[in-house]
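Peer 1: Sharing a structure below in structure tokens format, with a few things to ask.
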Amino acid sequence: MRQILIVATFLLLIVTIMVQYGDDTSVATAPVVANPNTITGGAVVPVANIVAPPSEPEVVREGRSNTATNRREVVPLFIDDTLHPLSIDWLRARTYPGSDFVIEQVLEPGINYHRLVVSYLSDGYKINAMMTIPQTPKPPTGFPVIIFNHGYIPPDQYRTTERYVAYLDAFARNGYIVIKSDYRGHGFSEGPATSVYGDPGYVVDVLNALASARRHPDVDPDRIGMWGHSMGGYITLRAMVADQNIRAASIWAGVVASYDELFANWFNPGVSTRRTWRSQLVEAFGTPDENPAFWDSVSANAYLGNLSGPVQLHHGTADSSVPFNFSILLDEEIRAAGGSSELFLYPNDNHNIANNLDTALLRSVIFFDTYVKGA
């Protein structure tokens, strides 16, 4: 059965697709590869055989508010007010009502699926999202879903229908409803853009998108997976330890290290005169070395025993934005916590896994077919 599934997946994917990368504007065409396990360029490489490329930690770019209306309605929350809003326990304690999706725009359809811009509510903000719905008859229990979490794009440059075109297409054409949230403050979505690493807003928006999806009449609420790239990987990991309704997740080039590791090896160590979320938290709680309990409380890595399902990790070893060691460490941590993880490293590939994009997409589709569609 699995061989049939792989062949079927290949037949659906074996097209030439125009790729628009998530974190840049490069365009390329690439045929989809039939068997990912025969591609040496995308094979799992033993850790001992990998030499880390020289790179400096990425300078963390603080989010910027756009001109969207910052209308905030009162949403009932059930939260212990002693919990810090960045903590995992805070995410787990509050509610995510979501809302019905409202169709904002009908787009040109894909090869076998409808394309829509929809909106939903999150903390009272109107959040836009890209949504695809298969044109095939709805299964008896509804379609499986992938919640798609994009990486960092300057909020005032972000547009709902741009970037990640090929990624969405790979999942949509294979029978999934795909929902890509803008996040608050991005494009024409309401609310303030923030720094995701110092504010829970984007994670809340994704969990409300998940709740909204489960309300949709075409969705199977028990077959929902999550995909995340870069910053979206950080969001995905936090969502998986906060909500048990996520069957499985595929994370590409994810910012998936603990805060201890982020402070030590990624956040810009330079001195700033601005009061940032980091300086405020360090002032209030101390550094990770001084107060490990607090920083564990805000790190998804300390809650991996609560992962809602298996995780698939992809990372290029020439990634100059996010160290590939983050994915190696997370793979080890998930296994140590008794969870299920698989890791694919792509030698000399970049942050977008551009040289092995078709291979990585196929692996992700097969992964979701196994743990989400086939659940």
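Starting from 1 in every chain, residues are counted up; chains themselves are A, B, ... following the order of the structure tokens, and ligands are numbered from 1 as listed.
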Would you kindly return, as a ChimeraX atom specification, each protein, DNA or RNA residue with an atom no farther than 8 Å from any atom of A:Gln105, considering only C-alpha atoms and excluding same-chain residues fewer than 3 positions away?
Peer 2: /A:116-118
Peer 1: Next, write the just-selected residues to a file, as a CSV table (one decimal), in the first residue's frame, keeping N, CA and C atoms as the atom set.
Peer 2:
chain,number,residue,atom,x,y,z
A,116,LEU,N,-8.5,30.6,-2.7
A,116,LEU,CA,-9.2,31.7,-2.1
A,116,LEU,C,-8.4,32.5,-1.2
A,117,VAL,N,-8.7,33.8,-1.0
A,117,VAL,CA,-8.2,34.6,0.1
A,117,VAL,C,-9.4,34.6,1.1
A,118,VAL,N,-9.2,34.2,2.3
A,118,VAL,CA,-10.2,34.2,3.3
A,118,VAL,C,-9.7,35.0,4.5
Peer 1: For stretch 93-188 of chain A against stretch 201-204 of chain A, with a cut-off of 10 Å and counting only C-alpha atoms, what is the closest atom pair and its distance in Å to one decimal for every residue that makes the cut, ordered by chain and number, as a tab-separated table?
Peer 2:
residue	atom	partner	partner_atom	distance
A:Arg94	CA	A:Val204	CA	9.6
A:Thr95	CA	A:Val204	CA	9.4
A:Tyr96	CA	A:Val204	CA	7.6
A:Gly98	CA	A:Val204	CA	9.8
A:Ser122	CA	A:Val204	CA	7.2
A:Asp123	CA	A:Val204	CA	8.0
A:Asn149	CA	A:Val203	CA	9.6
A:Ser181	CA	A:Tyr202	CA	9.2
A:Asp182	CA	A:Tyr202	CA	9.0
A:Tyr183	CA	A:Tyr202	CA	5.5
A:Arg184	CA	A:Tyr202	CA	6.6
A:Gly185	CA	A:Tyr202	CA	9.5
Peer 1: Just checking: using only C-alpha atoms, which residue out of A:Pro310, A:Pro97, A:Pro109, A:Gly254 ends up closest to A:Ser230?
Peer 2: A:Gly254
Peer 1: Skip A:His216 itself and residues of its chain fewer than 4 positions away, then list as a list in words all residues within 12 Å of it, counting only C-alpha atoms.
Peer 2: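 The residues that qualify are Gly98, Ser99, Asp100, Phe101, Val102, Tyr120, Met131, Ile133, Thr141, Gly142, Phe143, Pro144, Val145, Ile177, Ile179, Ala209, Leu210, Ala211, Ser212, Asp220 and Pro221 of chain A.
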Peer 1: Looking only at the backbone, which of the residues in stretch 104-306 of chain A does DSSP tag as strand (DSSP E or B), as a PyMOL selection string?
Peer 2: chain A and resi 104-106+113-122+125-134+143-149+177-181+219-229+249-252
Peer 1: Which of these, A:Val256, A:Ala249, A:Leu307, A:Ala166, has the shortest distance to A:Gly338 once you count only C-alpha atoms?
Peer 2: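 Residue with the minimum atom-to-atom distance to A:Gly338: A:Leu307.
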Peer 1: List the neighbours of A:Ala248 out to 12 Å using only C-alpha atoms; skip same-chain residues closer than 3 positions along the sequence, and give me the result as a PyMOL selection string.
Peer 2: chain A and resi 144-147+222-228+236-237+239-241+243-245+251+307-313+339-342+364-375
Peer 1: Given the choices A:Phe171, A:Tyr259, A:Phe344, A:Trp90, which gets closest to A:Gly198 if the distance is worked out from only C-alpha atoms?
Peer 2: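 Closest candidate: A:Tyr259.
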Peer 1: Kindly give the distance, in Å, that separates atom CA of A:His314 and atom CA of A:Arg173, rounded to a single decimal.
Peer 2: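 Between atom CA of A:His314 and atom CA of A:Arg173 the gap is 21.4 Å.
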Peer 1: From the options A:Ala253, A:Leu329, A:Leu107, A:Val282, which residue's atoms come nearest to A:Asn301, counting only C-alpha atoms?
Peer 2: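 Among the listed residues, A:Leu329 lies closest to A:Asn301.
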Peer 1: For a test of reading the model, state the distance in Å between atom CA of A:Arg159 and atom CA of A:His186, rounded to one decimal.
Peer 2: 7.5 Å
